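Right, one structure below, let's go through it.
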Amino acid sequence: MPRELETAVHPEKLKRVVIEPVTRVEGHGKVTILLDEDNRVHQARFHIVEFRGFEKFIQGRPYTEVPVLVQRLCGICPVSHNLAASKAMDVIVGATPPPAADKLRRLMHMGQMLQSHALHFFHLSSPDLLFGFDAEVGKRNIAGLAMEFPDIARQGVGLRKFGQEVIRMTSGKRVHGTGVIPGGMSKNLSCEDRDWLLAEIDQVVRWSQEAVNLIKRLYGDHKDFYNDFGYYRSSFMSLVREDGAMDLYHGGLRAIDDKGQTIFDHVDYSHYGDYIHEEVKSWSYMKFPFIRSQGREEGWYRVGPLARVNNCDFIPTPLAEAERKIFKEYDEGRATHATLSFHWARMIEMLHSAEAIRELLHDDDLLSNDLVNTGERQLRGVGVIEAPRGTLIHHYRINEDEQIVRANLIVATTHNNQAMNEAIRQVALQYLDGQQLTEGLLNYIEVAIRAFDPCLSCATHALGKMPLEVELINAEGARVQHLIKDSDGKHHA
Amino acid sequence: MSGTITIDGKTVPFTGGQTIMDAALEAGVYIPHLCHNPEFKPHGSCKLCVVEANGRNVTSCTMPASPDMVVINDTPELNEDRKALVQMLFVEGNHICPACEATGNCQLQAAGYYLHMQSPRFMHFYPPRRVDASHPDIFLDLNRCILCELCVRASRDIDKKNVFGISGRGIDSHLVVNSESGKLGDTNMTVTDKAAHVCPTGAILIKRKGYTMPIGKRTFDQKTLREFHLEQQKRVEPKDGPDGG
Ligand code: SF4
Ligand code: FES
């Protein structure tokens with residue numbers, strides 16, 4: 001970092017810009033920027049201003065309830081929490097799910113990946129990318145997109161809907177399904193549903209390919225901007241399969257540093273605590289995890305699509321693998337650390353998810369009735385998956401009465417906490433320093449955060465959304481500008 | 001004594017000792033209820049079954065039928081009162097259907113649907129209630145107890161174990177376990193006891209069962225509370241409790 005922006009030397013003399021909470025992000029977060037008289041940036045922080053202890057809430061509940069309960073953590077990725085908790089409960093009931101259950105869960109997970117990535121790209125990010133970050137606010141939303149790029153908007157809706165159908169058919173409900181149970185699944189996929197999905201899947205793969213092409217084109221059209229916007233290098237962490245392939249459902253933990261050197265590899269995730277620690281900082285409720293061997297200062301890392309595409313040795317489906325190679329080699333590898341590359345990597349993953357669904361649909365195991373295994377009960381279980389936003393860790397302890405006594409959840413957004421702070425500091429220096437602030441410029445900050453697709457309701461373990469607000473406060477602490485945004489990104493003065 | 005009564009204009013026969021509820025159910029006439037179960041002595045606590053008999057409001061599950069009684073049951077007013085009662089039950093306890101494994105098998109939830117309940121309507125009490133996981137096979141969650149006393153009756157009258165009782169008065173009434181420690185694990189209750197399978201809500205759960213029964217295949221995914229109760233009446237010797245087991 002060219003200038004240290006975590007903590008200003010004389011904060012009391014500075015004026016404060018508050019972006020609260022960041023729009024089009026789930027949950028309640030806040031950005032504060034301290035500026036001096038000349039609008040030079042002295043401090044920039046992304047923090048969480050509220051916390052509701054979900055871990056406390058589930059204490060005393062029977063473990064069978066937990067995979068369903070935790071889905072309430074998040075309105076966007078309930079399936080991820082359901083699966084991570086269920087994988088932990090597999091350990092607790094001492095059973096590896098039979099192959100059919102494993103495949104059904106993978107199918108559900110790929111459906112979730114598809115719908116979440118489509119939602120993020122088409123609804124939340126493509127308006128910025130297609131219209132420009134400082135384009136007229138009224139236009140920078142999905143409605144504006146539907147007006148000017150109806151085909152793109154339609155494909156976005158179609159992809160999302162297909163993903164949701166996969167979830168409904170495998171989990172039993174459109175949201176908060178109960179298909180996944182400790183040790184396996186409670187239901188299979190019906191023939192009828194399988195056939196419906198098969199009829200749609202080729203189109204879904206095609207649309208996903210077009211989405212990759214779209215982000216590639218946008219990137220190429222403004223290559224320098226995309227490369228440089230909030231650029232910094234970091235370590236990356238994700239699960240990988242035993243052979244190094246991308247595996248979003250199961251694997252060992254791999255971390256590489258900013259030069260591409262391995263920090264650890266194929267780590268059994270039930271020992272995650274030996275590799276990752278969480279630091280608490282007074283100014284945020286969200287913890288700051290770091291890789292132990294790298295230390296508190298240097299040990300931060302990124303998770304999510306960019307981390308996964310960078311970390312894996314290959315993607316086990318052909319179209320996505322071809323795209324991964326293009327991405328890695330692009331501009332001599334410069335794209336691999338760029339903040340806005342998250343979008344590109346996300347679309348490669350969406351394509352992989354579509355291809356993986358197509359492969360799975362041809363597997364008759366999905367129709368099997370051999371769905372649950374049982375075993376010897378354990379008192380501790382850790383479940384990890386790669387959720388759409390990144391590595392998701394669920395860790396539980398139960399007592400002999402089969403009640404939860406302790407839970408620890410590390411969600412993707414928490415892993416990315418320090419990285420998001422780095423990103424906004426970069427952007428603040430690049431675009432805001434010394435400038436007269438405008439809504440367009442403030443949106444740059446949000447664009448940097450949004451690239452991570454953070455889910456603050458997961459990170460705060462709170463439920464529901466909060467209203468959106470931007471405040472500009474001068475050196476005396478008086479409010480000079482006030483802007484409220486609703487969750488569609490619409491503005492009111 | 002036997003004879004006939006009319007319920008909403010329909011003639012319904014009854015035999016000696018039958019209540020309005022017994023006669024109605026036998027004739028296939030539905031009166032909504034929660035604490036009544038044809039296998040047990042009536043208890044009359046939930047008040048859902050209140051009807052107008054000869055111009056007076058009575059609990060039909062406890063009121064003996066008498067010759068030529070004129071009963072009014074299925075009216076918007078009475079159903080509105082029933083809905084309010086169900087809403088009160090919801091706010092008096094901690095009933096979080098999305099996080100309850102009894103969802104789809106729960107009669108309280110089914111009553112809410114049957115009576116077109118759209119909201120809790122009243123302020124939630126959020127009472128602090130006890131959870132007892134001490135029994136190896138049974139989980140007792142008083143957050144969901146509606147004090148219907150079915151478990152009390154089943155344990156006392158059928159299992160002959162007297163595991164449960166009610167203590168306290170009015171809003172302080174609560175279910176207690178009759179063991180020295182007050183814990184279920186210290187009683188002789190077993191998972192095959194009748195009392196383990198009569199709870200109309202998710203207050204008494206069989207451990208490790210969880211969500212093994214998929215949503216979509218649960219009792220009230222298939223039928224309404226009315227159909228369930230009318231079938232329950234028809235079963236001469238019912239084996240399964242309302243938990244869909
Ligand atoms: S535990 Fe169930 S059966 Fe017993 S009184 Fe409470 S609601 Fe009724
Ligand atoms: S059914 Fe009659 S009072 Fe409950």
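Chain labels A, B, ... are given in the sequence in which chains occur in the structure tokens; within each chain residues are numbered consecutively from 1, and ligands are likewise numbered from 1 in the order shown.
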
key: Nearby polymer residues, ligand 2, at most 6 Å, only C-alpha atoms and all ligand atoms, as a PyMOL selection string   = chain B and resi 33-36+44-49+59-61

inquiry  = When you look at Pro316 (chain A) with a cut-off of 9 Å (counting only C-alpha atoms), what residues show up, excluding the ones that are within fewer than 5 positions of it in the same chain? I need them as a ChimeraX atom specification.
reply    = /A:245-247,321,352,356

Which chains and residue numbers are within 6 Å of ligand 1, counting only C-alpha atoms and all ligand atoms, if I want them as a short mmCIF file (atom, residue, chain, number, x, y, z; two decimals) with N, CA, C and O atoms, in the first residue's frame?
data_model
loop_
_atom_site.label_atom_id
_atom_site.label_comp_id
_atom_site.auth_asym_id
_atom_site.auth_seq_id
_atom_site.Cartn_x
_atom_site.Cartn_y
_atom_site.Cartn_z
N CYS B 145 -45.06 -25.95 23.63
CA CYS B 145 -46.15 -26.62 24.34
C CYS B 145 -47.38 -25.72 24.38
O CYS B 145 -47.30 -24.54 24.72
N ILE B 146 -48.53 -26.27 24.03
CA ILE B 146 -49.78 -25.49 24.08
C ILE B 146 -50.67 -25.96 25.23
O ILE B 146 -51.85 -25.63 25.27
N LEU B 147 -50.11 -26.75 26.13
CA LEU B 147 -50.81 -27.18 27.35
C LEU B 147 -52.11 -27.93 27.08
O LEU B 147 -53.09 -27.78 27.82
N CYS B 148 -52.11 -28.72 26.04
CA CYS B 148 -53.30 -29.49 25.72
C CYS B 148 -53.47 -30.69 26.65
O CYS B 148 -54.52 -31.31 26.70
N GLU B 149 -52.39 -31.03 27.35
CA GLU B 149 -52.39 -32.15 28.30
C GLU B 149 -52.59 -33.51 27.65
O GLU B 149 -52.93 -34.48 28.33
N LEU B 150 -52.41 -33.61 26.37
CA LEU B 150 -52.54 -34.94 25.75
C LEU B 150 -51.45 -35.87 26.26
O LEU B 150 -51.70 -37.05 26.52
N CYS B 151 -50.24 -35.34 26.42
CA CYS B 151 -49.17 -36.20 26.93
C CYS B 151 -49.44 -36.60 28.38
O CYS B 151 -49.16 -37.72 28.79
N VAL B 198 -48.23 -38.36 21.04
CA VAL B 198 -49.53 -37.68 20.98
C VAL B 198 -49.43 -36.17 20.84
O VAL B 198 -50.44 -35.51 20.61
N CYS B 199 -48.26 -35.63 21.02
CA CYS B 199 -48.17 -34.17 21.04
C CYS B 199 -48.61 -33.59 19.70
O CYS B 199 -48.09 -33.96 18.65
N PRO B 200 -49.56 -32.67 19.72
CA PRO B 200 -50.04 -32.11 18.45
C PRO B 200 -49.07 -31.11 17.83
O PRO B 200 -49.21 -30.74 16.68
N THR B 201 -48.07 -30.66 18.60
CA THR B 201 -47.09 -29.70 18.08
C THR B 201 -45.72 -30.37 18.06
O THR B 201 -45.64 -31.59 18.09
N ALA B 203 -43.52 -30.11 20.52
CA ALA B 203 -42.95 -30.01 21.86
C ALA B 203 -42.31 -31.32 22.31
O ALA B 203 -41.37 -31.32 23.08
N ILE B 204 -42.86 -32.43 21.85
CA ILE B 204 -42.25 -33.73 22.16
C ILE B 204 -41.78 -34.33 20.84
O ILE B 204 -42.59 -34.64 19.97
#

query = Leaving out Val71 (chain B) and any residue of its chain fewer than 4 positions from it, which residues lie within 6 Å of it when counting only C-alpha atoms, given as a list of chain:residue names?
reply = B:Thr6, B:Ile7, B:Glu52, B:Ala53

Write a file of the selected residues as an mmCIF file, in the first residue's frame, keeping N, CA and C atoms.
data_model
loop_
_atom_site.group_PDB
_atom_site.id
_atom_site.type_symbol
_atom_site.label_atom_id
_atom_site.label_comp_id
_atom_site.auth_asym_id
_atom_site.auth_seq_id
_atom_site.Cartn_x
_atom_site.Cartn_y
_atom_site.Cartn_z
ATOM 1 N N THR B 6 -79.211 -31.100 16.267
ATOM 2 C CA THR B 6 -78.909 -30.538 14.946
ATOM 3 C C THR B 6 -77.652 -29.680 15.073
ATOM 4 N N ILE B 7 -76.798 -29.826 14.066
ATOM 5 C CA ILE B 7 -75.603 -28.969 14.008
ATOM 6 C C ILE B 7 -75.668 -28.196 12.692
ATOM 7 N N GLU B 52 -72.160 -22.826 19.734
ATOM 8 C CA GLU B 52 -73.327 -22.288 20.424
ATOM 9 C C GLU B 52 -74.337 -23.424 20.532
ATOM 10 N N ALA B 53 -74.683 -23.826 21.760
ATOM 11 C CA ALA B 53 -75.660 -24.900 21.948
ATOM 12 C C ALA B 53 -76.850 -24.338 22.710
#

Contacts of chain A with chain B up to 9 Å, shortest pair per row, only C-alpha atoms, as JSON lines:
{"residue": "A:Gly60", "atom": "CA", "partner": "B:Val131", "partner_atom": "CA", "distance": 7.5}
{"residue": "A:Arg61", "atom": "CA", "partner": "B:Val131", "partner_atom": "CA", "distance": 8.3}
{"residue": "A:Pro62", "atom": "CA", "partner": "B:Phe139", "partner_atom": "CA", "distance": 7.9}
{"residue": "A:Tyr63", "atom": "CA", "partner": "B:Arg208", "partner_atom": "CA", "distance": 8.3}
{"residue": "A:Thr64", "atom": "CA", "partner": "B:Gly210", "partner_atom": "CA", "distance": 5.1}
{"residue": "A:Glu65", "atom": "CA", "partner": "B:Gly210", "partner_atom": "CA", "distance": 6.5}
{"residue": "A:Val66", "atom": "CA", "partner": "B:Ala99", "partner_atom": "CA", "distance": 8.2}
{"residue": "A:Val68", "atom": "CA", "partner": "B:Ala99", "partner_atom": "CA", "distance": 6.4}
{"residue": "A:Leu69", "atom": "CA", "partner": "B:Ala99", "partner_atom": "CA", "distance": 5.0}
{"residue": "A:Val70", "atom": "CA", "partner": "B:Ala99", "partner_atom": "CA", "distance": 8.7}
{"residue": "A:Arg72", "atom": "CA", "partner": "B:Ala99", "partner_atom": "CA", "distance": 8.5}
{"residue": "A:Ser171", "atom": "CA", "partner": "B:Ile215", "partner_atom": "CA", "distance": 8.8}
{"residue": "A:Gly172", "atom": "CA", "partner": "B:Ile215", "partner_atom": "CA", "distance": 6.2}
{"residue": "A:Lys173", "atom": "CA", "partner": "B:Ile215", "partner_atom": "CA", "distance": 7.6}
{"residue": "A:His176", "atom": "CA", "partner": "B:Pro98", "partner_atom": "CA", "distance": 8.0}
{"residue": "A:Gly177", "atom": "CA", "partner": "B:Ile215", "partner_atom": "CA", "distance": 7.6}
{"residue": "A:Thr178", "atom": "CA", "partner": "B:Tyr211", "partner_atom": "CA", "distance": 6.4}
{"residue": "A:Gly179", "atom": "CA", "partner": "B:Pro214", "partner_atom": "CA", "distance": 6.2}
{"residue": "A:Val180", "atom": "CA", "partner": "B:Tyr211", "partner_atom": "CA", "distance": 8.2}
{"residue": "A:Ile181", "atom": "CA", "partner": "B:Tyr211", "partner_atom": "CA", "distance": 6.4}
{"residue": "A:Pro182", "atom": "CA", "partner": "B:Thr212", "partner_atom": "CA", "distance": 8.9}
{"residue": "A:Met185", "atom": "CA", "partner": "B:Thr212", "partner_atom": "CA", "distance": 7.9}
{"residue": "A:Ser186", "atom": "CA", "partner": "B:Thr212", "partner_atom": "CA", "distance": 5.3}
{"residue": "A:Lys187", "atom": "CA", "partner": "B:Pro214", "partner_atom": "CA", "distance": 6.6}
{"residue": "A:Glu400", "atom": "CA", "partner": "B:Pro136", "partner_atom": "CA", "distance": 8.6}
{"residue": "A:Asp401", "atom": "CA", "partner": "B:Ala133", "partner_atom": "CA", "distance": 5.5}
{"residue": "A:Glu402", "atom": "CA", "partner": "B:Ala133", "partner_atom": "CA", "distance": 7.4}
{"residue": "A:Gln403", "atom": "CA", "partner": "B:Ala133", "partner_atom": "CA", "distance": 7.1}

query = region 155-161 of chain B: which residues within 10 Å, counting only C-alpha atoms, same-chain residues fewer than 5 positions away excluded, as a PyMOL selection string?
reply = chain B and resi 39-41+149-150+178+187-190+192-196+198

Output N, CA, C and O atoms for every residue in the selection just made, as a JSON list (two decimals), in the first residue's frame.
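To be explicit, this is the file written out as result.json:
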[["chain", "number", "residue", "atom", "x", "y", "z"],
["B", 39, "GLU", "N", -59.19, -40.69, 21.49],
["B", 39, "GLU", "CA", -58.66, -41.78, 22.30],
["B", 39, "GLU", "C", -58.61, -41.45, 23.78],
["B", 39, "GLU", "O", -58.35, -42.33, 24.60],
["B", 40, "PHE", "N", -58.78, -40.18, 24.11],
["B", 40, "PHE", "CA", -58.59, -39.78, 25.51],
["B", 40, "PHE", "C", -59.80, -39.07, 26.05],
["B", 40, "PHE", "O", -60.61, -38.53, 25.30],
["B", 41, "LYS", "N", -59.87, -39.05, 27.37],
["B", 41, "LYS", "CA", -60.93, -38.29, 28.03],
["B", 41, "LYS", "C", -60.81, -36.82, 27.64],
["B", 41, "LYS", "O", -59.70, -36.30, 27.57],
["B", 149, "GLU", "N", -52.39, -31.03, 27.35],
["B", 149, "GLU", "CA", -52.39, -32.15, 28.30],
["B", 149, "GLU", "C", -52.59, -33.51, 27.65],
["B", 149, "GLU", "O", -52.93, -34.48, 28.33],
["B", 150, "LEU", "N", -52.41, -33.61, 26.37],
["B", 150, "LEU", "CA", -52.54, -34.94, 25.75],
["B", 150, "LEU", "C", -51.45, -35.87, 26.26],
["B", 150, "LEU", "O", -51.70, -37.05, 26.52],
["B", 178, "ASN", "N", -42.61, -35.34, 36.05],
["B", 178, "ASN", "CA", -42.69, -35.86, 37.42],
["B", 178, "ASN", "C", -41.50, -36.75, 37.77],
["B", 178, "ASN", "O", -41.64, -37.96, 37.91],
["B", 187, "THR", "N", -37.01, -40.23, 34.17],
["B", 187, "THR", "CA", -38.29, -40.92, 34.28],
["B", 187, "THR", "C", -38.18, -42.27, 33.58],
["B", 187, "THR", "O", -37.19, -42.55, 32.90],
["B", 188, "ASN", "N", -39.22, -43.07, 33.71],
["B", 188, "ASN", "CA", -39.19, -44.37, 33.03],
["B", 188, "ASN", "C", -39.89, -44.31, 31.66],
["B", 188, "ASN", "O", -40.26, -45.32, 31.10],
["B", 189, "MET", "N", -40.07, -43.11, 31.16],
["B", 189, "MET", "CA", -40.70, -42.97, 29.83],
["B", 189, "MET", "C", -39.81, -43.61, 28.77],
["B", 189, "MET", "O", -38.58, -43.51, 28.82],
["B", 190, "THR", "N", -40.42, -44.27, 27.81],
["B", 190, "THR", "CA", -39.65, -44.81, 26.69],
["B", 190, "THR", "C", -40.23, -44.31, 25.38],
["B", 190, "THR", "O", -41.36, -43.81, 25.33],
["B", 192, "THR", "N", -41.40, -45.80, 22.98],
["B", 192, "THR", "CA", -42.59, -46.50, 22.48],
["B", 192, "THR", "C", -43.85, -46.12, 23.25],
["B", 192, "THR", "O", -44.95, -46.52, 22.89],
["B", 193, "ASP", "N", -43.69, -45.31, 24.29],
["B", 193, "ASP", "CA", -44.87, -44.89, 25.06],
["B", 193, "ASP", "C", -45.83, -44.10, 24.18],
["B", 193, "ASP", "O", -45.42, -43.37, 23.28],
["B", 194, "LYS", "N", -47.09, -44.25, 24.51],
["B", 194, "LYS", "CA", -48.11, -43.45, 23.82],
["B", 194, "LYS", "C", -47.80, -41.96, 23.96],
["B", 194, "LYS", "O", -47.95, -41.18, 23.02],
["B", 195, "ALA", "N", -47.38, -41.57, 25.15],
["B", 195, "ALA", "CA", -47.14, -40.15, 25.43],
["B", 195, "ALA", "C", -46.07, -39.55, 24.51],
["B", 195, "ALA", "O", -46.04, -38.33, 24.30],
["B", 196, "ALA", "N", -45.23, -40.37, 23.96],
["B", 196, "ALA", "CA", -44.17, -39.85, 23.08],
["B", 196, "ALA", "C", -44.72, -39.50, 21.69],
["B", 196, "ALA", "O", -44.02, -38.92, 20.88],
["B", 198, "VAL", "N", -48.23, -38.36, 21.04],
["B", 198, "VAL", "CA", -49.53, -37.68, 20.98],
["B", 198, "VAL", "C", -49.43, -36.17, 20.84],
["B", 198, "VAL", "O", -50.44, -35.51, 20.61]]

remark   = Pairwise distance, CA of Thr262 (chain A) with CA of Gln418 (chain A), equals 20.2 Å

query = Can you list every residue in region 394-432 of chain A that DSSP puts in helix (DSSP H, G or I), as a ChimeraX atom specification?
reply = /A:412-415,417-432

message = When you look at region 10-24 of chain B with a cut-off of 8 Å (counting only C-alpha atoms), what residues show up, excluding the ones that are within fewer than 4 positions of it in the same chain? I need them as number ranges by chain.
response = B: 1-6, 28-31, 38, 49, 60-65

Any chance you can output those residues with all heavy atoms as a tab-separated table (two decimals), in the first residue's frame?
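selection-v2.tsv written:
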chain	number	residue	atom	x	y	z
B	1	MET	N	-79.42	-42.48	27.59
B	1	MET	CA	-80.12	-41.44	26.82
B	1	MET	C	-79.51	-41.39	25.41
B	1	MET	O	-78.30	-41.39	25.25
B	1	MET	CB	-79.92	-40.09	27.52
B	1	MET	CG	-80.67	-38.98	26.86
B	1	MET	SD	-80.60	-37.45	27.82
B	1	MET	CE	-78.85	-37.18	27.98
B	2	SER	N	-80.38	-41.36	24.43
B	2	SER	CA	-79.92	-41.14	23.07
B	2	SER	C	-80.96	-40.32	22.35
B	2	SER	O	-82.04	-40.05	22.90
B	2	SER	CB	-79.68	-42.47	22.36
B	2	SER	OG	-80.90	-43.15	22.21
B	3	GLY	N	-80.64	-39.90	21.14
B	3	GLY	CA	-81.57	-39.06	20.39
B	3	GLY	C	-80.85	-38.35	19.27
B	3	GLY	O	-79.85	-38.86	18.75
B	4	THR	N	-81.32	-37.19	18.91
B	4	THR	CA	-80.65	-36.43	17.86
B	4	THR	C	-80.48	-34.99	18.29
B	4	THR	O	-81.22	-34.46	19.12
B	4	THR	CB	-81.46	-36.45	16.54
B	4	THR	OG1	-82.73	-35.82	16.79
B	4	THR	CG2	-81.67	-37.87	16.02
B	5	ILE	N	-79.45	-34.39	17.70
B	5	ILE	CA	-79.26	-32.95	17.83
B	5	ILE	C	-79.16	-32.39	16.42
B	5	ILE	O	-79.04	-33.17	15.46
B	5	ILE	CB	-77.99	-32.60	18.64
B	5	ILE	CG1	-76.74	-33.19	17.94
B	5	ILE	CG2	-78.10	-33.13	20.06
B	5	ILE	CD1	-75.42	-32.79	18.59
B	6	THR	N	-79.21	-31.10	16.27
B	6	THR	CA	-78.91	-30.54	14.95
B	6	THR	C	-77.65	-29.68	15.07
B	6	THR	O	-77.46	-28.97	16.07
B	6	THR	CB	-80.05	-29.67	14.39
B	6	THR	OG1	-80.25	-28.56	15.26
B	6	THR	CG2	-81.35	-30.46	14.26
B	28	GLY	N	-69.38	-37.29	10.86
B	28	GLY	CA	-68.60	-36.64	9.81
B	28	GLY	C	-68.78	-35.13	9.76
B	28	GLY	O	-68.48	-34.49	8.75
B	29	VAL	N	-69.26	-34.57	10.86
B	29	VAL	CA	-69.40	-33.11	10.93
B	29	VAL	C	-68.18	-32.58	11.70
B	29	VAL	O	-67.90	-33.03	12.81
B	29	VAL	CB	-70.69	-32.70	11.67
B	29	VAL	CG1	-70.72	-31.20	11.90
B	29	VAL	CG2	-71.90	-33.16	10.87
B	30	TYR	N	-67.48	-31.64	11.10
B	30	TYR	CA	-66.22	-31.21	11.70
B	30	TYR	C	-66.38	-29.99	12.59
B	30	TYR	O	-66.90	-28.96	12.16
B	30	TYR	CB	-65.18	-30.93	10.61
B	30	TYR	CG	-63.82	-30.59	11.21
B	30	TYR	CD1	-63.22	-31.47	12.10
B	30	TYR	CD2	-63.17	-29.42	10.88
B	30	TYR	CE1	-61.99	-31.17	12.67
B	30	TYR	CE2	-61.93	-29.12	11.43
B	30	TYR	CZ	-61.35	-30.01	12.33
B	30	TYR	OH	-60.13	-29.71	12.89
B	31	ILE	N	-65.90	-30.13	13.80
B	31	ILE	CA	-65.77	-28.99	14.70
B	31	ILE	C	-64.27	-28.84	14.98
B	31	ILE	O	-63.64	-29.77	15.50
B	31	ILE	CB	-66.51	-29.23	16.04
B	31	ILE	CG1	-68.00	-29.53	15.79
B	31	ILE	CG2	-66.36	-28.01	16.96
B	31	ILE	CD1	-68.79	-29.92	17.05
B	38	PRO	N	-59.99	-38.40	20.21
B	38	PRO	CA	-61.01	-39.38	20.56
B	38	PRO	C	-60.50	-40.53	21.42
B	38	PRO	O	-61.29	-41.24	22.04
B	38	PRO	CB	-61.48	-39.89	19.19
B	38	PRO	CG	-60.46	-39.45	18.21
B	38	PRO	CD	-59.82	-38.23	18.77
B	49	CYS	N	-63.05	-25.58	20.19
B	49	CYS	CA	-64.24	-26.33	19.81
B	49	CYS	C	-65.52	-25.65	20.28
B	49	CYS	O	-66.59	-26.25	20.21
B	49	CYS	CB	-64.16	-27.74	20.38
B	49	CYS	SG	-64.30	-27.73	22.17
B	60	SER	N	-67.58	-27.93	22.97
B	60	SER	CA	-68.31	-29.10	22.48
B	60	SER	C	-67.63	-30.41	22.85
B	60	SER	O	-68.26	-31.46	22.85
B	60	SER	CB	-68.47	-29.00	20.96
B	60	SER	OG	-67.21	-28.96	20.33
B	61	CYS	N	-66.33	-30.36	23.18
B	61	CYS	CA	-65.64	-31.61	23.52
B	61	CYS	C	-66.00	-32.10	24.91
B	61	CYS	O	-65.75	-33.25	25.24
B	61	CYS	CB	-64.13	-31.47	23.36
B	61	CYS	SG	-63.36	-30.41	24.58
B	62	THR	N	-66.55	-31.19	25.75
B	62	THR	CA	-66.91	-31.62	27.11
B	62	THR	C	-68.42	-31.63	27.34
B	62	THR	O	-68.90	-32.25	28.28
B	62	THR	CB	-66.27	-30.69	28.17
B	62	THR	OG1	-66.62	-29.34	27.84
B	62	THR	CG2	-64.77	-30.84	28.20
B	63	MET	N	-69.18	-30.93	26.49
B	63	MET	CA	-70.62	-30.78	26.72
B	63	MET	C	-71.37	-32.01	26.21
B	63	MET	O	-71.36	-32.31	25.03
B	63	MET	CB	-71.10	-29.53	26.00
B	63	MET	CG	-72.59	-29.31	26.12
B	63	MET	SD	-73.07	-29.18	27.85
B	63	MET	CE	-73.58	-27.50	27.92
B	64	PRO	N	-72.06	-32.74	27.12
B	64	PRO	CA	-72.84	-33.89	26.67
B	64	PRO	C	-73.95	-33.44	25.71
B	64	PRO	O	-74.54	-32.38	25.91
B	64	PRO	CB	-73.44	-34.44	27.97
B	64	PRO	CG	-72.67	-33.82	29.07
B	64	PRO	CD	-72.15	-32.53	28.57
B	65	ALA	N	-74.17	-34.25	24.71
B	65	ALA	CA	-75.28	-33.95	23.80
B	65	ALA	C	-76.58	-34.26	24.53
B	65	ALA	O	-76.65	-35.19	25.34
B	65	ALA	CB	-75.15	-34.81	22.54

inquiry  = When you count only C-alpha atoms, which of these residues is closest to Gln261 (chain A): A:Ala146, A:Cys312, A:Ser235, A:Tyr249?
reply    = A:Ser235
